[in-house]
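These notes concern the structure reproduced below.
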Number of protein chains: 2
Amino acid sequence: MPENADSRCMERAIELSLENVRAGRGGPFAAVVAKNGEIIAEAANCVTATNDPTAHAEIVAIREACHKLGYFELTGCDLYTSCEPCPMCLGAIYWARPARVFYANTAADAAAIGFDDAFIYSEIKRPLADRTIPMIPLLREKALAAFREWQAKTDKAPY
Amino acid sequence: MPENADSRCMERAIELSLENVRAGRGGPFAAVVAKNGEIIAEAANCVTATNDPTAHAEIVAIREACHKLGYFELTGCDLYTSCEPCPMCLGAIYWARPARVFYANTAADAAAIGFDDAFIYSEIKRPLADRTIPMIPLLREKALAAFREWQAKTDKAPY
């Protein structure tokens, strides 16, 4: 169950999402990362402001939090996002491995104002050959060499 | 059908993936973005080297290419990745909207050396309540305010 600290973190994310719209910096989305109820990173969507299609609030907040922690995982941290994550951000969340994710607006709410993450969710579920963006296999045999070297490497940093 | 220029771009991605393993900078993954057969951005996975769980080759290459183009979409560009994209990178690809994606190693090849994107793909398909990382709704009514402001805003930059 969400506690007071969770509500405070989410309220901060919502505040940032409002500020972002008012400042004209980007879409109505923001996120914060907290550890033990204390915010360690916060971010708002800055796709158009930075010409970076990956600069969704969750991605920017995860990158910032990991930078502060000096580690590539968010062990024991919680993510508070003002909207249910898109597939890109959900993927990033799974790689970052926070303990819990809180979200406010739903994907349906986002679709209702023109952000149709549902399209990407449906594409991800389709076989590669049926996707809207063509995905074409090329030179697999050559590329396997790097995988073999990785597997044989004894001093690698797994992740 | 892939042409010679496509093979050259993929060969460069494969070369970068090998260099990345040998230099110990990160996993055996690399990607390049090309426009009209000319490479405009290239990157290798640097998750562990930069403590950034989002620093997959495709994400870094997309960010770099958009930075160079000064735009948040990869209109008319092609992406060449040494391995089939994980869900995070596939999401980023859909937001960046390149014309085509070429991949070499498959998701099954990646799973065979310990990178199990398949787990994330299966999680994405599950209802929120059934996912391994808990996803908890919180303060939706408050967050909707930012969506309403976005909808009412007349001078926004849509994306």
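Chain labels follow the order of the structure tokens: the first chain is A, the next B, and so on; residue numbering restarts at 1 in every chain, and ligands are counted from 1 in their shown order.
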**Request:** Could you give me, as number ranges by chain, each residue of range 7-144 of chain A that DSSP assigns to helix (DSSP H, G or I) when run on this structure's backbone?
**Result:** A: 7-23, 47-50, 57-69, 87-96, 107-112, 117-124, 128-130, 140-144
Interface rows for range 64-127 of chain B against range 135-152 of chain A: nearest pair, Å to one decimal, 8 Å, only C-alpha atoms, as JSON lines:
```
{"residue": "B:Ser82", "atom": "CA", "partner": "A:Ala143", "partner_atom": "CA", "distance": 6.2}
{"residue": "B:Cys83", "atom": "CA", "partner": "A:Ala143", "partner_atom": "CA", "distance": 7.9}
{"residue": "B:Arg100", "atom": "CA", "partner": "A:Met135", "partner_atom": "CA", "distance": 6.4}
{"residue": "B:Val101", "atom": "CA", "partner": "A:Met135", "partner_atom": "CA", "distance": 4.8}
{"residue": "B:Phe102", "atom": "CA", "partner": "A:Ile136", "partner_atom": "CA", "distance": 4.7}
{"residue": "B:Tyr103", "atom": "CA", "partner": "A:Pro137", "partner_atom": "CA", "distance": 5.1}
{"residue": "B:Ala104", "atom": "CA", "partner": "A:Arg140", "partner_atom": "CA", "distance": 4.1}
{"residue": "B:Asn105", "atom": "CA", "partner": "A:Arg140", "partner_atom": "CA", "distance": 4.9}
{"residue": "B:Thr106", "atom": "CA", "partner": "A:Arg140", "partner_atom": "CA", "distance": 7.6}
{"residue": "B:Asp109", "atom": "CA", "partner": "A:Leu144", "partner_atom": "CA", "distance": 7.9}
{"residue": "B:Ala110", "atom": "CA", "partner": "A:Phe147", "partner_atom": "CA", "distance": 7.7}
{"residue": "B:Ile113", "atom": "CA", "partner": "A:Gln151", "partner_atom": "CA", "distance": 6.3}
```
**Item:** Test item, strand (DSSP E or B) assignment across chain B, answer as a list in words
**Value:**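 Residues of chain B classed as strand (DSSP E or B): Ala30, Ala31, Val32, Val33, Ala34, Lys35, Glu38, Ile39, Ile40, Ala41, Glu42, Ala43, Ala44, Cys77, Asp78, Leu79, Tyr80, Thr81, Ser82, Cys83, Arg100, Val101, Phe102, Tyr103, Ala104, Asn105, Met135, Ile136 and Pro137 of chain B.
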Generate a file of the selected residues that holds N, CA, C and O atoms, formatted as a short mmCIF file (atom, residue, chain, number, x, y, z; two decimals), in the first residue's frame.
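What follows is the written file selection_4.cif:
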```cif
data_model
loop_
_atom_site.label_atom_id
_atom_site.label_comp_id
_atom_site.auth_asym_id
_atom_site.auth_seq_id
_atom_site.Cartn_x
_atom_site.Cartn_y
_atom_site.Cartn_z
N ALA B 30 26.61 -3.16 -30.74
CA ALA B 30 26.88 -1.83 -31.29
C ALA B 30 25.84 -1.53 -32.35
O ALA B 30 25.13 -2.43 -32.82
N ALA B 31 25.73 -0.25 -32.70
CA ALA B 31 24.74 0.18 -33.68
C ALA B 31 25.23 1.42 -34.40
O ALA B 31 26.01 2.20 -33.84
N VAL B 32 24.79 1.58 -35.65
CA VAL B 32 25.07 2.82 -36.37
C VAL B 32 23.78 3.32 -37.01
O VAL B 32 22.87 2.55 -37.30
N VAL B 33 23.71 4.64 -37.19
CA VAL B 33 22.59 5.25 -37.91
C VAL B 33 23.17 5.83 -39.20
O VAL B 33 24.22 6.49 -39.17
N ALA B 34 22.49 5.57 -40.32
CA ALA B 34 22.97 6.07 -41.60
C ALA B 34 21.85 6.79 -42.35
O ALA B 34 20.67 6.48 -42.17
N LYS B 35 22.25 7.78 -43.12
CA LYS B 35 21.29 8.47 -43.99
C LYS B 35 21.84 8.40 -45.40
O LYS B 35 23.01 8.74 -45.63
N GLU B 38 25.21 6.78 -45.69
CA GLU B 38 26.35 7.39 -45.02
C GLU B 38 26.13 7.39 -43.50
O GLU B 38 25.08 7.86 -43.02
N ILE B 39 27.10 6.89 -42.76
CA ILE B 39 26.95 6.79 -41.30
C ILE B 39 27.00 8.18 -40.66
O ILE B 39 27.94 8.94 -40.89
N ILE B 40 25.98 8.50 -39.86
CA ILE B 40 25.97 9.80 -39.17
C ILE B 40 26.16 9.65 -37.66
O ILE B 40 26.43 10.63 -36.97
N ALA B 41 26.01 8.43 -37.15
CA ALA B 41 26.24 8.22 -35.71
C ALA B 41 26.57 6.76 -35.47
O ALA B 41 26.03 5.88 -36.15
N GLU B 42 27.46 6.51 -34.52
CA GLU B 42 27.77 5.12 -34.17
C GLU B 42 28.01 5.02 -32.68
O GLU B 42 28.44 5.98 -32.04
N ALA B 43 27.69 3.85 -32.12
CA ALA B 43 27.81 3.69 -30.66
C ALA B 43 27.91 2.22 -30.31
O ALA B 43 27.44 1.36 -31.04
N ALA B 44 28.53 1.98 -29.16
CA ALA B 44 28.55 0.62 -28.61
C ALA B 44 27.92 0.67 -27.22
O ALA B 44 27.86 1.73 -26.59
N CYS B 77 16.22 7.94 -42.16
CA CYS B 77 17.47 7.27 -41.75
C CYS B 77 17.22 5.77 -41.57
O CYS B 77 16.10 5.33 -41.39
N ASP B 78 18.33 5.01 -41.59
CA ASP B 78 18.27 3.59 -41.29
C ASP B 78 19.12 3.30 -40.06
O ASP B 78 20.15 3.95 -39.84
N LEU B 79 18.68 2.33 -39.26
CA LEU B 79 19.45 1.92 -38.08
C LEU B 79 19.98 0.52 -38.32
O LEU B 79 19.24 -0.37 -38.76
N TYR B 80 21.28 0.33 -38.05
CA TYR B 80 21.92 -0.98 -38.19
C TYR B 80 22.40 -1.39 -36.81
O TYR B 80 23.28 -0.73 -36.25
N THR B 81 21.80 -2.45 -36.27
CA THR B 81 22.21 -2.88 -34.94
C THR B 81 22.76 -4.30 -35.00
O THR B 81 22.22 -5.15 -35.71
N SER B 82 23.85 -4.54 -34.27
CA SER B 82 24.49 -5.85 -34.33
C SER B 82 23.64 -6.93 -33.68
O SER B 82 23.95 -8.11 -33.79
N CYS B 83 22.54 -6.53 -32.99
CA CYS B 83 21.65 -7.54 -32.38
C CYS B 83 20.21 -7.01 -32.36
O CYS B 83 19.99 -5.82 -32.16
N ARG B 100 14.06 2.16 -41.75
CA ARG B 100 14.26 0.70 -41.67
C ARG B 100 15.23 0.37 -40.54
O ARG B 100 16.06 1.19 -40.16
N VAL B 101 15.10 -0.86 -40.03
CA VAL B 101 16.03 -1.37 -39.02
C VAL B 101 16.64 -2.66 -39.53
O VAL B 101 15.91 -3.58 -39.92
N PHE B 102 17.97 -2.72 -39.57
CA PHE B 102 18.66 -3.96 -39.89
C PHE B 102 19.27 -4.52 -38.61
O PHE B 102 19.80 -3.76 -37.80
N TYR B 103 19.18 -5.83 -38.43
CA TYR B 103 19.78 -6.45 -37.24
C TYR B 103 20.55 -7.70 -37.65
O TYR B 103 20.23 -8.33 -38.66
N ALA B 104 21.58 -8.03 -36.87
CA ALA B 104 22.41 -9.20 -37.21
C ALA B 104 22.10 -10.36 -36.24
O ALA B 104 21.28 -11.22 -36.55
N ASN B 105 22.69 -10.36 -35.03
CA ASN B 105 22.36 -11.42 -34.09
C ASN B 105 20.88 -11.34 -33.71
O ASN B 105 20.29 -10.25 -33.69
N MET B 135 3.61 -2.51 -10.02
CA MET B 135 3.23 -1.24 -10.62
C MET B 135 1.94 -0.78 -9.95
O MET B 135 0.90 -1.41 -10.10
N ILE B 136 2.07 0.30 -9.18
CA ILE B 136 1.02 0.70 -8.24
C ILE B 136 0.41 2.04 -8.64
O ILE B 136 1.12 3.05 -8.75
N PRO B 137 -0.92 2.09 -8.86
CA PRO B 137 -1.58 3.36 -9.21
C PRO B 137 -1.62 4.30 -8.01
O PRO B 137 -1.80 3.85 -6.87
#
```
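Minimum atom-to-atom distance to Val21 in chain B, evaluated using only C-alpha atoms, belongs to B:Asn45 out of B:Gly91, B:Glu123, B:Asn45, B:His67.
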**Request:** Please indicate the distance in Å from CA of Ala107 in chain B to CA of Pro85 in chain B, rounded to one decimal place.
**Result:**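 So the two atoms, CA of Ala107 in chain B and CA of Pro85 in chain B, lie 7.5 Å apart.
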**Asked** Which polymer residues have any atom within 10 Å of an atom of Arg131 in chain A, counting only C-alpha atoms, with same-chain residues fewer than 6 positions away left out, as a ChimeraX atom specification?
**Response** /A:120,122-125
Restricted to all heavy atoms, what would the selected residues look like written as a compact mmCIF listing (two decimals), in the first residue's frame?
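Final file, again.txt:
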```txt
# COMPACT_ATOMS: atom_id res chain seq x y z
N ILE A 120 2.69 1.41 -30.00
CA ILE A 120 4.00 0.75 -29.82
C ILE A 120 3.83 -0.57 -29.06
O ILE A 120 4.45 -1.57 -29.41
CB ILE A 120 5.00 1.68 -29.10
CG1 ILE A 120 5.14 2.99 -29.88
CG2 ILE A 120 6.36 1.00 -28.97
CD1 ILE A 120 6.14 3.97 -29.29
N SER A 122 1.33 -2.52 -29.22
CA SER A 122 0.79 -3.53 -30.15
C SER A 122 1.86 -3.98 -31.14
O SER A 122 1.92 -5.16 -31.50
CB SER A 122 -0.45 -3.00 -30.87
OG SER A 122 -0.07 -2.00 -31.81
N GLU A 123 2.75 -3.06 -31.55
CA GLU A 123 3.83 -3.43 -32.47
C GLU A 123 4.80 -4.42 -31.83
O GLU A 123 5.27 -5.35 -32.47
CB GLU A 123 4.60 -2.17 -32.90
CG GLU A 123 3.86 -1.31 -33.90
CD GLU A 123 3.91 -1.90 -35.31
OE1 GLU A 123 5.00 -2.12 -35.83
OE2 GLU A 123 2.83 -2.13 -35.88
N ILE A 124 5.11 -4.19 -30.56
CA ILE A 124 6.06 -5.05 -29.85
C ILE A 124 5.56 -6.49 -29.81
O ILE A 124 6.35 -7.44 -29.83
CB ILE A 124 6.31 -4.48 -28.43
CG1 ILE A 124 7.30 -3.33 -28.52
CG2 ILE A 124 6.77 -5.56 -27.46
CD1 ILE A 124 7.68 -2.73 -27.19
N LYS A 125 4.25 -6.64 -29.75
CA LYS A 125 3.69 -7.99 -29.65
C LYS A 125 3.63 -8.71 -31.00
O LYS A 125 3.37 -9.88 -31.05
CB LYS A 125 2.28 -7.91 -29.05
CG LYS A 125 2.29 -7.45 -27.60
CD LYS A 125 0.89 -7.20 -27.06
CE LYS A 125 0.97 -6.57 -25.67
NZ LYS A 125 -0.32 -6.11 -25.17
```
**Message:** Let me make sure I understand: among A:Ile93, A:Ala5, A:Ala23, A:Ile14, which one has the smallest atom-to-atom distance to chain B if we use only C-alpha atoms?
**Reply:** A:Ile14
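When only C-alpha atoms are used to compute distances to Ala57 in chain B, the closest of the residues B:Leu16, B:Cys9, B:Ala108, B:Ala129 turns out to be B:Leu16.
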**Request:** Could you tell me how far CA of Cys46 in chain A lies from CA of Gly24 in chain A, in Å and to one decimal?
**Result:**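 A separation of 9.6 Å between them.
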